[in-house]
Amino acid sequence: MKHITSIVCILMISIFGNAQSNKKYDIDFTKFNFNIASAQIFDMMVDADNYLGKTVRIKGKFYTADTEFGQLYSVLYYDATACCQTGLSFIPSSKTKLPGLLEDIEVCGIYKIKKLNGHDYHYIEQFN
């Protein structure tokens with residue numbers, strides 16, 4: 001009986017230990033459907049303090065625009081019918097080769113906020 005208990009303990013430690021060590025992102029949008037992703041992004045905007053410094057991964061369509069703040073980059077996340085979208089802005093890393101407009105992109109990085117002309121700018125600082 002002690003032998004079986006030891007094996008079960010070792011298995012549990014290896015399973016749960018690996019789950020903890022393999023955790024790469026605090027928020028992984030690749031595992032969410034559109035409704036959950038939209039709710040998560042909304043919560044990140046209204047309750048930002050709970051998310052600052054968290055690692056984020058999101059896949060979607062690349063979008064960029066010239067604004068009064070400069071060039072802004074975003075990942076757009078579409079629903080199943082591609083009629084609705086949500087998304088997050090990001091600041092690309094220096095080694096990022098940006099795709100063409102509305103081409104696929106994956107962004108991984110740290111969630112941050114900075115002030116632009118007195119407004120909070122929520123973004124991912126890309127590290128991939």
# chains A, B, ... in the order shown; residues from 1 in each chain; ligands from 1
call {"tool": "residues_around", "arguments": {"residues": "segment 49-53 of chain A", "least_positions_apart": "2", "cutoff": "6 Å", "atoms": "only C-alpha atoms", "output": "list of chain:residue names"}}
result
A:Asp47, A:Ile110, A:Tyr111, A:Lys112
call {"tool": "select_by_dssp", "arguments": {"residues": "segment 55-126 of chain A", "states": "strand (DSSP E)", "output": "PyMOL selection string"}}
result
chain A and resi 55-67+70-78+85-91+104-116+119-126
call {"tool": "residues_around", "arguments": {"residues": "Ile105 of chain A", "least_positions_apart": "6", "cutoff": "9 Å", "atoms": "only C-alpha atoms", "output": "list of chain:residue names"}}
result
A:Ile58, A:Lys59, A:Gly60, A:Lys61, A:Phe62, A:Val75, A:Leu98, A:Pro99
call {"tool": "residues_around", "arguments": {"residues": "Asp28 of chain A", "least_positions_apart": "6", "cutoff": "10 Å", "atoms": "only C-alpha atoms", "output": "PDB file with N, CA, C and O atoms, in the first residue's frame"}}
result
ATOM      1  N   ALA A  37     -12.964  36.091 -25.210  1.00  0.00           N
ATOM      2  CA  ALA A  37     -11.899  37.051 -25.539  1.00  0.00           C
ATOM      3  C   ALA A  37     -12.407  38.482 -25.390  1.00  0.00           C
ATOM      4  O   ALA A  37     -11.714  39.334 -24.833  1.00  0.00           O
ATOM      5  N   THR A  55       1.778  38.326 -18.707  1.00  0.00           N
ATOM      6  CA  THR A  55       2.165  37.906 -20.055  1.00  0.00           C
ATOM      7  C   THR A  55       0.906  37.525 -20.832  1.00  0.00           C
ATOM      8  O   THR A  55       0.001  36.878 -20.301  1.00  0.00           O
ATOM      9  N   VAL A  56       0.864  37.965 -22.093  1.00  0.00           N
ATOM     10  CA  VAL A  56      -0.318  37.796 -22.935  1.00  0.00           C
ATOM     11  C   VAL A  56       0.094  37.192 -24.274  1.00  0.00           C
ATOM     12  O   VAL A  56       1.147  37.529 -24.824  1.00  0.00           O
ATOM     13  N   ARG A  57      -0.754  36.320 -24.784  1.00  0.00           N
ATOM     14  CA  ARG A  57      -0.566  35.756 -26.132  1.00  0.00           C
ATOM     15  C   ARG A  57      -1.888  35.897 -26.871  1.00  0.00           C
ATOM     16  O   ARG A  57      -2.942  35.536 -26.356  1.00  0.00           O
ATOM     17  N   ILE A  58      -1.827  36.435 -28.091  1.00  0.00           N
ATOM     18  CA  ILE A  58      -3.028  36.587 -28.899  1.00  0.00           C
ATOM     19  C   ILE A  58      -2.676  36.394 -30.370  1.00  0.00           C
ATOM     20  O   ILE A  58      -1.619  36.809 -30.824  1.00  0.00           O
ATOM     21  N   LYS A  59      -3.560  35.713 -31.079  1.00  0.00           N
ATOM     22  CA  LYS A  59      -3.427  35.540 -32.528  1.00  0.00           C
ATOM     23  C   LYS A  59      -4.608  36.221 -33.178  1.00  0.00           C
ATOM     24  O   LYS A  59      -5.717  36.195 -32.655  1.00  0.00           O
ATOM     25  N   CYS A 108       3.005  38.057 -28.550  1.00  0.00           N
ATOM     26  CA  CYS A 108       3.222  37.633 -27.168  1.00  0.00           C
ATOM     27  C   CYS A 108       4.011  38.733 -26.479  1.00  0.00           C
ATOM     28  O   CYS A 108       4.973  39.256 -27.051  1.00  0.00           O
TER      29      CYS A 108
END
call {"tool": "residues_around", "arguments": {"residues": "Ser74 of chain A", "least_positions_apart": "3", "cutoff": "12 Å", "atoms": "only C-alpha atoms", "output": "VMD selection string"}}
result
chain A and resid 58 to 66 71 77 85 to 92 98 to 99 101 to 107 122 to 126
